[in-house]
file model17.txt (compact mmCIF, C-alpha atoms and all ligand atoms)
# COMPACT_ATOMS: atom_id res chain seq x y z
CA MET A 373 39.95 -16.77 3.91
CA GLU A 374 38.78 -20.39 4.23
CA ARG A 375 37.02 -20.29 0.81
CA LYS A 376 40.05 -18.70 -0.83
CA GLY A 377 42.31 -21.43 0.54
CA THR A 378 39.98 -24.13 -0.72
CA GLU A 379 39.72 -22.62 -4.18
CA THR A 380 43.51 -22.31 -4.36
CA GLY A 381 43.97 -25.91 -3.26
CA LEU A 382 41.47 -27.22 -5.83
CA ALA A 383 43.02 -25.17 -8.62
CA ALA A 384 46.46 -26.52 -7.75
CA MET A 385 45.08 -30.08 -7.76
CA ALA A 386 43.45 -29.56 -11.18
CA ALA A 387 46.76 -28.19 -12.47
CA SER A 388 48.60 -31.31 -11.30
CA TYR A 389 46.28 -33.40 -13.49
CA GLU A 390 47.01 -31.42 -16.65
CA LYS A 391 49.78 -33.81 -17.69
CA PHE A 392 48.16 -37.04 -16.46
CA ASP A 393 49.27 -39.87 -18.76
CA PRO A 394 46.72 -42.70 -19.04
CA ALA A 395 49.17 -45.11 -20.68
CA ALA A 396 51.78 -44.64 -17.96
CA TYR A 397 49.16 -44.84 -15.21
CA LEU A 398 47.86 -48.11 -16.59
CA GLN A 399 51.40 -49.48 -16.88
CA TYR A 400 52.24 -48.50 -13.27
CA ASN A 401 49.14 -49.93 -11.62
CA TYR A 402 47.44 -52.45 -13.90
CA THR A 403 50.27 -54.73 -15.04
CA PRO A 404 52.25 -57.21 -12.89
CA PRO A 405 53.11 -57.30 -10.04
CA ARG A 406 50.07 -55.24 -9.00
CA ALA A 407 47.92 -57.05 -11.55
CA ASP A 408 49.27 -60.60 -11.41
CA PHE A 409 46.39 -63.05 -11.69
CA GLU A 410 48.65 -65.97 -10.79
CA ARG A 411 49.50 -64.45 -7.40
CA LYS A 412 47.06 -64.88 -4.51
CA ASP A 413 48.44 -61.73 -2.83
CA SER A 414 48.32 -59.41 -5.85
CA VAL A 415 46.28 -56.27 -5.21
CA VAL A 416 44.17 -56.19 -8.39
CA PRO A 417 42.72 -59.71 -7.89
CA TRP A 418 41.89 -58.62 -4.31
CA LYS A 419 40.01 -55.58 -5.62
CA LEU A 420 38.14 -57.68 -8.20
CA ALA A 421 37.15 -60.19 -5.50
CA CYS A 422 35.78 -57.39 -3.26
CA LEU A 423 33.76 -55.95 -6.13
CA HIS A 424 32.51 -59.35 -7.32
CA ARG A 425 31.27 -60.24 -3.82
CA ALA A 426 29.58 -56.87 -3.23
CA PHE A 427 27.88 -56.61 -6.63
CA ASN A 428 26.46 -60.11 -6.16
CA GLU A 429 24.87 -59.44 -2.77
CA ALA A 430 21.08 -59.25 -2.91
CA ASP A 431 20.85 -55.76 -1.37
CA VAL A 432 22.84 -54.26 -4.26
CA SER A 433 20.26 -53.85 -7.00
CA GLY A 434 18.54 -51.45 -9.38
CA GLU A 435 18.98 -50.12 -12.89
CA LEU A 436 21.71 -47.45 -12.93
CA LEU A 437 25.34 -47.81 -11.76
CA VAL A 438 27.60 -44.75 -11.93
CA ASP A 439 31.40 -45.06 -11.73
CA ILE A 440 32.90 -41.91 -10.22
CA GLY A 441 36.33 -40.92 -11.55
CA SER A 442 36.73 -43.94 -13.86
CA GLY A 443 40.09 -42.81 -15.15
CA PRO A 444 41.34 -44.99 -18.03
CA THR A 445 40.15 -48.23 -16.36
CA ILE A 446 37.12 -50.51 -16.71
CA TYR A 447 37.93 -53.23 -14.13
CA GLN A 448 35.70 -51.55 -11.57
CA VAL A 449 32.48 -52.31 -13.51
CA LEU A 450 33.23 -55.83 -14.78
CA SER A 451 31.05 -57.38 -12.07
CA GLY A 452 28.54 -54.54 -11.90
CA CYS A 453 27.68 -54.82 -15.61
CA GLU A 454 25.96 -58.18 -14.89
CA VAL A 455 23.71 -56.59 -12.24
CA PHE A 456 22.83 -53.13 -13.62
CA SER A 457 21.27 -52.49 -17.02
CA LYS A 458 22.78 -49.01 -17.31
CA VAL A 459 26.39 -48.06 -16.46
CA LEU A 460 27.71 -44.50 -16.62
CA LEU A 461 31.46 -43.96 -16.70
CA THR A 462 32.81 -40.54 -15.68
CA ASP A 463 36.09 -38.69 -15.50
CA PHE A 464 37.52 -35.18 -15.09
CA LEU A 465 39.96 -35.50 -17.99
CA GLU A 466 39.21 -35.82 -21.70
CA VAL A 467 42.31 -38.01 -22.16
CA ASN A 468 40.74 -40.59 -19.83
CA ARG A 469 37.28 -40.32 -21.39
CA GLN A 470 39.00 -40.86 -24.75
CA GLU A 471 40.79 -43.99 -23.44
CA LEU A 472 37.42 -45.35 -22.28
CA ARG A 473 35.86 -44.55 -25.68
CA HIS A 474 38.66 -46.49 -27.38
CA TRP A 475 37.68 -49.54 -25.35
CA LEU A 476 33.97 -48.98 -25.84
CA GLN A 477 34.40 -48.69 -29.60
CA ASP A 478 36.91 -51.60 -29.66
CA ASP A 479 38.99 -49.54 -32.08
CA GLY A 480 42.40 -50.90 -31.12
CA GLY A 481 43.36 -47.60 -29.47
CA CYS A 482 43.46 -48.87 -25.89
CA ASN A 483 46.68 -48.67 -23.86
CA LEU A 484 45.94 -51.89 -21.97
CA ASP A 485 44.59 -55.31 -22.95
CA TRP A 486 41.73 -55.96 -20.50
CA THR A 487 41.34 -59.62 -21.55
CA PRO A 488 43.07 -61.07 -18.43
CA TYR A 489 40.69 -59.00 -16.28
CA LEU A 490 37.63 -60.23 -18.19
CA GLN A 491 38.85 -63.82 -17.92
CA HIS A 492 39.53 -63.47 -14.17
CA VAL A 493 36.08 -62.03 -13.42
CA CYS A 494 34.47 -64.76 -15.56
CA LYS A 495 36.25 -67.30 -13.37
CA LEU A 496 34.96 -65.56 -10.22
CA GLU A 497 31.46 -65.89 -11.72
CA GLY A 498 31.92 -69.61 -12.32
CA ARG A 499 31.99 -69.10 -16.07
CA ARG A 500 34.56 -70.40 -18.53
CA PRO A 501 37.34 -67.84 -19.15
CA SER A 502 36.45 -68.19 -22.85
CA GLU A 503 33.18 -66.38 -22.10
CA CYS A 504 35.20 -63.14 -21.69
CA ALA A 505 34.07 -61.99 -25.17
CA LEU A 506 30.48 -62.32 -23.96
CA LYS A 507 31.28 -60.25 -20.88
CA ALA A 508 32.99 -57.58 -22.97
CA ALA A 509 29.93 -57.42 -25.21
CA LYS A 510 27.67 -57.17 -22.16
CA LEU A 511 29.69 -54.28 -20.72
CA ARG A 512 29.74 -52.47 -24.06
CA GLN A 513 25.97 -52.94 -24.26
CA VAL A 514 25.18 -51.48 -20.80
CA ILE A 515 27.58 -48.49 -20.86
CA THR A 516 25.19 -45.67 -21.75
CA ASP A 517 27.65 -42.74 -21.63
CA ILE A 518 31.10 -41.46 -20.65
CA LEU A 519 30.65 -38.08 -18.96
CA PRO A 520 32.75 -35.27 -17.49
CA ILE A 521 32.68 -35.04 -13.68
CA ASP A 522 34.09 -32.82 -10.93
CA VAL A 523 33.57 -34.25 -7.44
CA HIS A 524 34.36 -30.86 -5.89
CA GLN A 525 31.17 -29.38 -7.33
CA SER A 526 28.00 -29.71 -5.28
CA GLN A 527 26.55 -31.07 -8.54
CA PRO A 528 29.44 -33.19 -9.85
CA LEU A 529 27.63 -34.11 -13.09
CA ALA A 530 25.66 -32.07 -15.62
CA LYS A 531 22.15 -31.25 -14.41
CA ASP A 532 20.24 -33.75 -16.56
CA ALA A 533 22.87 -36.53 -16.50
CA LEU A 534 20.90 -38.71 -14.07
CA PRO A 535 17.21 -39.58 -13.65
CA SER A 536 15.53 -37.45 -10.97
CA GLY A 537 15.68 -40.31 -8.42
CA GLY A 538 19.44 -40.57 -8.75
CA ALA A 539 21.67 -43.58 -9.32
CA ASP A 540 20.91 -46.91 -7.68
CA CYS A 541 24.60 -47.60 -7.00
CA LEU A 542 27.91 -45.73 -7.14
CA VAL A 543 31.34 -47.25 -7.48
CA SER A 544 34.48 -45.15 -7.10
CA CYS A 545 38.09 -46.30 -6.99
CA PHE A 546 41.16 -44.26 -6.00
CA CYS A 547 39.44 -41.01 -6.93
CA LEU A 548 38.37 -38.90 -3.95
CA GLU A 549 41.61 -39.07 -1.97
CA SER A 550 43.65 -38.63 -5.17
CA VAL A 551 41.93 -35.40 -6.16
CA SER A 552 41.45 -33.73 -2.77
CA PRO A 553 44.04 -31.38 -1.28
CA ASP A 554 43.03 -32.28 2.29
CA LEU A 555 40.68 -34.36 4.42
CA SER A 556 37.91 -31.76 4.47
CA ALA A 557 37.88 -31.63 0.67
CA PHE A 558 37.77 -35.46 0.58
CA THR A 559 34.82 -35.46 2.97
CA ARG A 560 33.00 -32.71 1.05
CA ALA A 561 33.51 -34.66 -2.20
CA LEU A 562 32.04 -37.74 -0.52
CA GLY A 563 28.97 -35.66 0.25
CA ASN A 564 28.84 -34.27 -3.28
CA ILE A 565 28.79 -37.71 -4.91
CA GLY A 566 26.25 -38.83 -2.29
CA GLY A 567 23.87 -36.34 -3.89
CA LEU A 568 23.97 -38.48 -7.05
CA LEU A 569 22.77 -41.60 -5.17
CA ARG A 570 19.20 -42.44 -4.20
CA PRO A 571 18.49 -43.01 -0.48
CA GLY A 572 19.01 -46.72 0.18
CA GLY A 573 21.42 -46.97 -2.74
CA HIS A 574 24.92 -48.32 -2.25
CA LEU A 575 28.39 -46.83 -2.54
CA LEU A 576 31.24 -49.25 -3.27
CA LEU A 577 34.39 -47.28 -2.49
CA ILE A 578 37.97 -48.40 -3.04
CA GLY A 579 40.81 -46.14 -2.02
CA ALA A 580 44.39 -45.69 -0.89
CA LEU A 581 45.44 -45.69 2.75
CA GLY A 582 48.49 -43.75 3.95
CA GLU A 583 49.30 -42.43 0.51
CA SER A 584 50.70 -38.89 0.12
CA TYR A 585 51.53 -38.89 -3.61
CA TYR A 586 51.45 -40.96 -6.77
CA PHE A 587 52.89 -40.62 -10.27
CA GLY A 588 50.28 -40.12 -12.98
CA GLY A 589 53.06 -40.13 -15.56
CA PRO A 590 56.89 -40.15 -15.71
CA ASP A 591 57.20 -36.62 -14.25
CA VAL A 592 53.62 -36.14 -13.05
CA ARG A 593 53.69 -36.24 -9.24
CA ILE A 594 50.17 -35.85 -7.86
CA PRO A 595 49.52 -35.15 -4.16
CA VAL A 596 47.13 -37.44 -2.28
CA VAL A 597 45.48 -36.89 1.08
CA PRO A 598 46.82 -39.68 3.33
CA LEU A 599 43.83 -41.49 4.85
CA THR A 600 43.46 -43.84 7.80
CA GLU A 601 40.67 -46.42 8.09
CA ALA A 602 39.19 -44.38 10.95
CA GLN A 603 39.04 -41.22 8.78
CA VAL A 604 37.29 -43.12 5.98
CA CYS A 605 34.71 -44.47 8.43
CA GLU A 606 34.21 -41.04 10.05
CA SER A 607 33.78 -39.28 6.68
CA LEU A 608 31.25 -41.87 5.48
CA LYS A 609 29.24 -41.43 8.69
CA GLU A 610 29.47 -37.63 8.53
CA LYS A 611 28.11 -37.61 4.97
CA GLY A 612 25.06 -39.79 5.68
CA TYR A 613 26.23 -43.27 4.81
CA THR A 614 25.83 -46.44 6.89
CA LEU A 615 28.98 -48.54 6.63
CA ILE A 616 28.13 -52.18 5.89
CA ARG A 617 31.64 -53.61 5.46
CA LEU A 618 35.22 -52.37 5.38
CA GLU A 619 38.02 -54.60 4.12
CA VAL A 620 41.71 -53.67 4.06
CA TYR A 621 44.61 -54.97 1.96
CA THR A 622 48.14 -54.28 3.17
CA LEU A 623 50.66 -54.02 0.34
CA PRO A 624 53.45 -56.58 0.42
CA GLU A 625 56.87 -54.98 -0.13
CA ASP A 626 57.11 -56.14 -3.75
CA MET A 627 53.85 -54.39 -4.60
CA LYS A 628 55.55 -51.09 -3.69
CA VAL A 629 56.96 -50.37 -7.13
CA GLY A 630 58.02 -46.74 -6.74
CA VAL A 631 54.99 -45.11 -8.39
CA ASP A 632 53.42 -43.99 -5.10
CA ASP A 633 53.82 -44.39 -1.33
CA VAL A 634 50.53 -46.21 -0.73
CA THR A 635 50.65 -48.59 2.25
CA GLY A 636 47.19 -50.15 2.03
CA VAL A 637 43.98 -50.30 0.04
CA PHE A 638 40.49 -50.19 1.55
CA PHE A 639 37.21 -51.48 0.21
CA ALA A 640 34.05 -50.03 1.76
CA LYS A 641 30.47 -51.12 1.06
CA ALA A 642 28.12 -48.45 2.39
CA ARG A 643 24.46 -47.53 2.04
CA LYS A 644 23.08 -43.99 1.75
CA ASN A 645 20.69 -43.27 4.61
C1 LIG A 701 44.02 -42.32 -9.33
S1 LIG A 701 42.95 -42.08 -10.69
C2 LIG A 701 41.72 -43.39 -10.45
C3 LIG A 701 41.35 -44.03 -11.72
C4 LIG A 701 40.54 -45.32 -11.63
N1 LIG A 701 39.24 -45.11 -11.01
C5 LIG A 701 41.29 -46.46 -10.92
O1 LIG A 701 40.64 -47.19 -10.19
O2 LIG A 701 42.49 -46.60 -11.15
C6 LIG A 701 42.05 -40.64 -10.21
C7 LIG A 701 41.11 -40.14 -11.28
O3 LIG A 701 40.39 -38.99 -10.80
C8 LIG A 701 40.21 -38.10 -11.89
N2 LIG A 701 39.97 -36.74 -11.36
C9 LIG A 701 40.86 -35.74 -11.20
N3 LIG A 701 40.25 -34.66 -10.68
C10 LIG A 701 38.93 -34.98 -10.50
C11 LIG A 701 37.79 -34.30 -10.03
N4 LIG A 701 37.87 -33.04 -9.58
N5 LIG A 701 36.60 -34.96 -10.03
C12 LIG A 701 36.51 -36.23 -10.47
N6 LIG A 701 37.56 -36.95 -10.93
C13 LIG A 701 38.75 -36.32 -10.95
C14 LIG A 701 41.49 -38.20 -12.70
O4 LIG A 701 41.29 -37.75 -14.02
C15 LIG A 701 41.79 -39.71 -12.58
O5 LIG A 701 41.19 -40.41 -13.65
O1 LIG A 702 47.58 -51.22 -6.03
N1 LIG A 702 46.75 -50.87 -6.92
O2 LIG A 702 46.07 -51.65 -7.62
C1 LIG A 702 46.58 -49.47 -7.13
C2 LIG A 702 45.80 -49.05 -8.19
C3 LIG A 702 45.63 -47.70 -8.40
C4 LIG A 702 46.23 -46.78 -7.55
C5 LIG A 702 47.01 -47.23 -6.47
C6 LIG A 702 47.18 -48.58 -6.25
C7 LIG A 702 47.63 -46.28 -5.53
N2 LIG A 702 47.67 -44.94 -6.06
C8 LIG A 702 46.37 -44.55 -6.58
C9 LIG A 702 46.33 -43.08 -6.90
O3 LIG A 702 46.31 -42.39 -5.70
C10 LIG A 702 46.04 -45.34 -7.81

call {"tool": "encode", "arguments": {"input": "model17.txt", "output": "structure tokens"}}
result
Amino acid sequence: MERKGTETGLAAMAASYEKFDPAAYLQYNYTPPRADFERKDSVVPWKLACLHRAFNEADVSGELLVDIGSGPTIYQVLSGCEVFSKVLLTDFLEVNRQELRHWLQDDGGCNLDWTPYLQHVCKLEGRRPSECALKAAKLRQVITDILPIDVHQSQPLAKDALPSGGADCLVSCFCLESVSPDLSAFTRALGNIGGLLRPGGHLLLIGALGESYYFGGPDVRIPVVPLTEAQVCESLKEKGYTLIRLEVYTLPEDMKVGVDDVTGVFFAKARKN
């Protein structure tokens, strides 16, 4: 019965993504107020600062960075592209892989202008904002592929997608809790992606706290498993990670814009045992 329930839950979750709308999703979450680079308390600059700090710590190193559940966004690898020579983007939906290809090919088909993000991360790196074209070129140079992924499979990627040793680092933002029907599925998915990472490699995980749904489009209400900090820590430990740092951002009222019921965002830096 347990297996049947799980399969039903995963099928229902996949169905809720059928009408996911990248343009709407980007509009909801990656424009002001959530992405306001003039505001110290805006959530996107907080996320970029967490990622910048972690990717520039000496213990985070190697050749291959894999982004799990990229969606239609590239912000999550803007710091990582200066540290890793190969970056793999992944998503479950072709519409999101297509959005990423538009950016990669610079074909004018993107639904968001990422320039402010490039400029902000250049500033974090002590570079002139005008060097954002250089950073864009760097990211386009290191992205080796944009692949399908399903974190609910014990092998989330195609068999030969990664070198035998696995990735040196994983980054994943707002994916696992947004695609899992319940906490056990979230924890299993955490274990599944762990299989893509070499022992000693790092997982940089950003996610929603206390969120039970979000809109992935005007009428696309997607269920989310509401997580607490304690559950995130427990799941990481259960799946063979050592937590190095957990940071939490609590949403100010004006960041609650009606597209979800998220109360906080966590950033976890963890190492695979
Ligand atoms: C909330 S979005 C996160 C997007 C992006 N990483 C960000 O930071 O905004 C969740 C993503 O998970 C993807 N997804 C849905 N089901 C999935 C699955 N079974 N395995 C991996 N990714 C999945 C969706 O296509 C979507 O792009
Ligand atoms: O505040 N943010 O920057 C932000 C960005 C993306 C997402 C959220 C919040 C909350 N909902 C998740 C999907 O479960 C997606």

call {"tool": "axis_aligned_box", "arguments": {"input": "model17.txt", "around": "region 642-645 of chain A", "padding_each_side": "8 Å", "output": "lines of an AutoDock Vina configuration file"}}
result
center_x = 24.4
center_y = -45.9
center_z = 3.2
size_x = 23.4
size_y = 21.2
size_z = 18.9

call {"tool": "atom_distance", "arguments": {"input": "model17.txt", "atom1": "CA of Leu423 (chain A)", "atom2": "CA of Gln448 (chain A)"}}
result
7.3 Å

call {"tool": "closest_atom_pairs", "arguments": {"input": "model17.txt", "of": "chain A", "to": "ligand LIG 702 (chain A)", "cutoff": "8 Å", "atoms": "all atoms listed in the file", "output": "tab-separated table"}}
result
residue	atom	partner	partner_atom	distance
A:Asn401	CA	A:LIG702	C2	4.9
A:Tyr402	CA	A:LIG702	O2	6.5
A:Arg406	CA	A:LIG702	O2	5.5
A:Ala407	CA	A:LIG702	O2	6.9
A:Val415	CA	A:LIG702	O2	5.2
A:Val416	CA	A:LIG702	O2	5.0
A:Lys419	CA	A:LIG702	O2	7.5
A:Cys545	CA	A:LIG702	C3	7.8
A:Phe546	CA	A:LIG702	C8	5.3
A:Cys547	CA	A:LIG702	O3	7.1
A:Glu549	CA	A:LIG702	O3	6.9
A:Ser550	CA	A:LIG702	O3	4.6
A:Gly579	CA	A:LIG702	C8	7.4
A:Ala580	CA	A:LIG702	C7	5.7
A:Glu583	CA	A:LIG702	O3	6.9
A:Tyr585	CA	A:LIG702	O3	6.6
A:Tyr586	CA	A:LIG702	O3	5.4
A:Phe587	CA	A:LIG702	C9	7.8
A:Gly588	CA	A:LIG702	C9	7.8
A:Ile594	CA	A:LIG702	O3	7.9
A:Val596	CA	A:LIG702	O3	6.1
A:Leu623	CA	A:LIG702	O1	7.6
A:Met627	CA	A:LIG702	O1	7.2
A:Val631	CA	A:LIG702	N2	7.7
A:Asp632	CA	A:LIG702	N2	5.9
A:Asp633	CA	A:LIG702	C7	7.7
A:Val634	CA	A:LIG702	C7	5.6
A:Val637	CA	A:LIG702	O1	7.1

call {"tool": "atom_distance", "arguments": {"input": "model17.txt", "atom1": "CA of Tyr400 (chain A)", "atom2": "atom C2 of ligand LIG 701 (chain A)"}}
result
12.0 Å

call {"tool": "residues_near_ligand", "arguments": {"input": "model17.txt", "ligand": "ligand LIG 701 (chain A)", "cutoff": "9 Å", "atoms": "all atoms listed in the file", "output": "PyMOL selection string"}}
result
chain A and resi 382+385-386+388-390+392+394+397-398+401-402+439-448+462-469+520-525+528+543-552+561+578-579+586+588

call {"tool": "residues_around", "arguments": {"input": "model17.txt", "residues": "Ala430 (chain A)", "least_positions_apart": "4", "cutoff": "12 Å", "atoms": "all atoms listed in the file", "output": "ChimeraX atom specification"}}
result
/A:425-426,434,455,574

call {"tool": "closest_residue", "arguments": {"input": "model17.txt", "among": "A:Cys422, A:Cys453, A:Cys504, A:Ala396", "to": "Arg617 (chain A)", "atoms": "only C-alpha atoms"}}
result
A:Cys422

call {"tool": "atom_distance", "arguments": {"input": "model17.txt", "atom1": "CA of Ala395 (chain A)", "atom2": "CA of Ala533 (chain A)"}}
result
28.0 Å

call {"tool": "residues_around", "arguments": {"input": "model17.txt", "residues": "Ser607 (chain A)", "least_positions_apart": "4", "cutoff": "7 Å", "atoms": "only C-alpha atoms", "output": "PDB file with C-alpha atoms, keeping the file's coordinate frame"}}
result
ATOM      1  CA  THR A 559      34.820 -35.460   2.970  1.00  0.00           C
ATOM      2  CA  GLN A 603      39.040 -41.220   8.780  1.00  0.00           C
ATOM      3  CA  LYS A 611      28.110 -37.610   4.970  1.00  0.00           C
TER       4      LYS A 611
END

call {"tool": "closest_residue", "arguments": {"input": "model17.txt", "among": "A:Arg375, A:Leu534, A:Ser526, A:Lys641", "to": "Glu429 (chain A)", "atoms": "all atoms listed in the file"}}
result
A:Lys641

call {"tool": "closest_residue", "arguments": {"input": "model17.txt", "among": "A:Val432, A:Ala640, A:Val620, A:Leu575", "to": "Cys605 (chain A)", "atoms": "all atoms listed in the file"}}
result
A:Ala640

call {"tool": "closest_residue", "arguments": {"input": "model17.txt", "among": "A:Lys507, A:His474, A:Arg593, A:Lys644", "to": "Leu562 (chain A)", "atoms": "all atoms listed in the file"}}
result
A:Lys644

call {"tool": "decode", "arguments": {"input": "model17.txt", "residues": "region 406-495 of chain A", "atoms": "C-alpha atoms", "output": "compact mmCIF listing (two decimals), in the first residue's frame"}}
result
# COMPACT_ATOMS: atom_id res chain seq x y z
CA ARG A 406 11.57 39.98 -4.04
CA ALA A 407 14.42 40.94 -6.37
CA ASP A 408 15.09 44.56 -5.41
CA PHE A 409 18.83 45.19 -5.45
CA GLU A 410 18.38 48.58 -3.79
CA ARG A 411 16.77 47.02 -0.70
CA LYS A 412 19.00 45.50 1.98
CA ASP A 413 16.15 43.22 3.12
CA SER A 414 15.13 41.88 -0.30
CA VAL A 415 15.24 38.09 -0.48
CA VAL A 416 17.09 37.64 -3.78
CA PRO A 417 20.14 39.72 -2.73
CA TRP A 418 20.18 37.62 0.48
CA LYS A 419 20.26 34.41 -1.58
CA LEU A 420 23.01 35.76 -3.84
CA ALA A 421 25.09 36.76 -0.79
CA CYS A 422 24.75 33.25 0.72
CA LEU A 423 25.81 31.64 -2.55
CA HIS A 424 28.67 34.10 -3.15
CA ARG A 425 30.09 33.45 0.34
CA ALA A 426 29.78 29.65 0.09
CA PHE A 427 31.20 29.31 -3.43
CA ASN A 428 34.21 31.40 -2.40
CA GLU A 429 35.13 29.29 0.64
CA ALA A 430 38.28 27.23 0.12
CA ASP A 431 36.64 23.87 0.92
CA VAL A 432 34.24 24.27 -2.03
CA SER A 433 36.31 23.20 -5.01
CA GLY A 434 36.60 20.84 -7.97
CA GLU A 435 35.64 20.71 -11.62
CA LEU A 436 31.92 19.89 -11.94
CA LEU A 437 28.97 21.79 -10.41
CA VAL A 438 25.46 20.43 -10.98
CA ASP A 439 22.36 22.57 -10.39
CA ILE A 440 19.41 20.39 -9.41
CA GLY A 441 16.01 21.61 -10.61
CA SER A 442 17.28 24.82 -12.22
CA GLY A 443 13.86 25.87 -13.41
CA PRO A 444 14.00 28.95 -15.67
CA THR A 445 16.64 30.68 -13.51
CA ILE A 446 20.42 31.11 -13.66
CA TYR A 447 21.06 33.23 -10.53
CA GLN A 448 22.03 30.14 -8.56
CA VAL A 449 25.23 29.55 -10.59
CA LEU A 450 26.44 33.14 -11.06
CA SER A 451 29.03 32.74 -8.30
CA GLY A 452 29.71 29.05 -8.93
CA CYS A 453 30.70 29.65 -12.56
CA GLU A 454 33.88 31.41 -11.34
CA VAL A 455 34.91 28.37 -9.28
CA PHE A 456 33.91 25.34 -11.39
CA SER A 457 35.02 24.75 -14.98
CA LYS A 458 31.93 22.68 -15.82
CA VAL A 459 28.33 23.54 -14.86
CA LEU A 460 25.37 21.29 -15.60
CA LEU A 461 21.88 22.77 -15.46
CA THR A 462 18.93 20.38 -15.02
CA ASP A 463 15.16 20.48 -14.92
CA PHE A 464 12.11 18.19 -15.10
CA LEU A 465 10.27 20.33 -17.65
CA GLU A 466 11.18 21.02 -21.27
CA VAL A 467 9.67 24.52 -21.00
CA ASN A 468 12.29 25.37 -18.36
CA ARG A 469 15.14 23.71 -20.24
CA GLN A 470 14.05 25.76 -23.26
CA GLU A 471 14.10 29.00 -21.20
CA LEU A 472 17.65 28.17 -20.10
CA ARG A 473 18.67 27.44 -23.71
CA HIS A 474 17.32 30.85 -24.74
CA TRP A 475 19.67 32.45 -22.24
CA LEU A 476 22.58 30.20 -23.16
CA GLN A 477 22.16 30.99 -26.84
CA ASP A 478 21.52 34.70 -26.10
CA ASP A 479 18.75 34.57 -28.69
CA GLY A 480 16.50 37.24 -27.18
CA GLY A 481 13.93 34.62 -26.15
CA CYS A 482 14.40 34.96 -22.38
CA ASN A 483 11.49 35.99 -20.16
CA LEU A 484 13.73 37.89 -17.74
CA ASP A 485 16.68 40.26 -18.13
CA TRP A 486 19.39 38.81 -15.86
CA THR A 487 21.64 41.89 -16.20
CA PRO A 488 20.83 43.30 -12.71
CA TYR A 489 21.74 39.90 -11.23
CA LEU A 490 25.04 39.78 -13.13
CA GLN A 491 25.84 43.34 -12.04
CA HIS A 492 24.98 42.58 -8.39
CA VAL A 493 27.17 39.46 -8.25
CA CYS A 494 30.02 41.38 -9.94
CA LYS A 495 29.74 43.92 -7.13
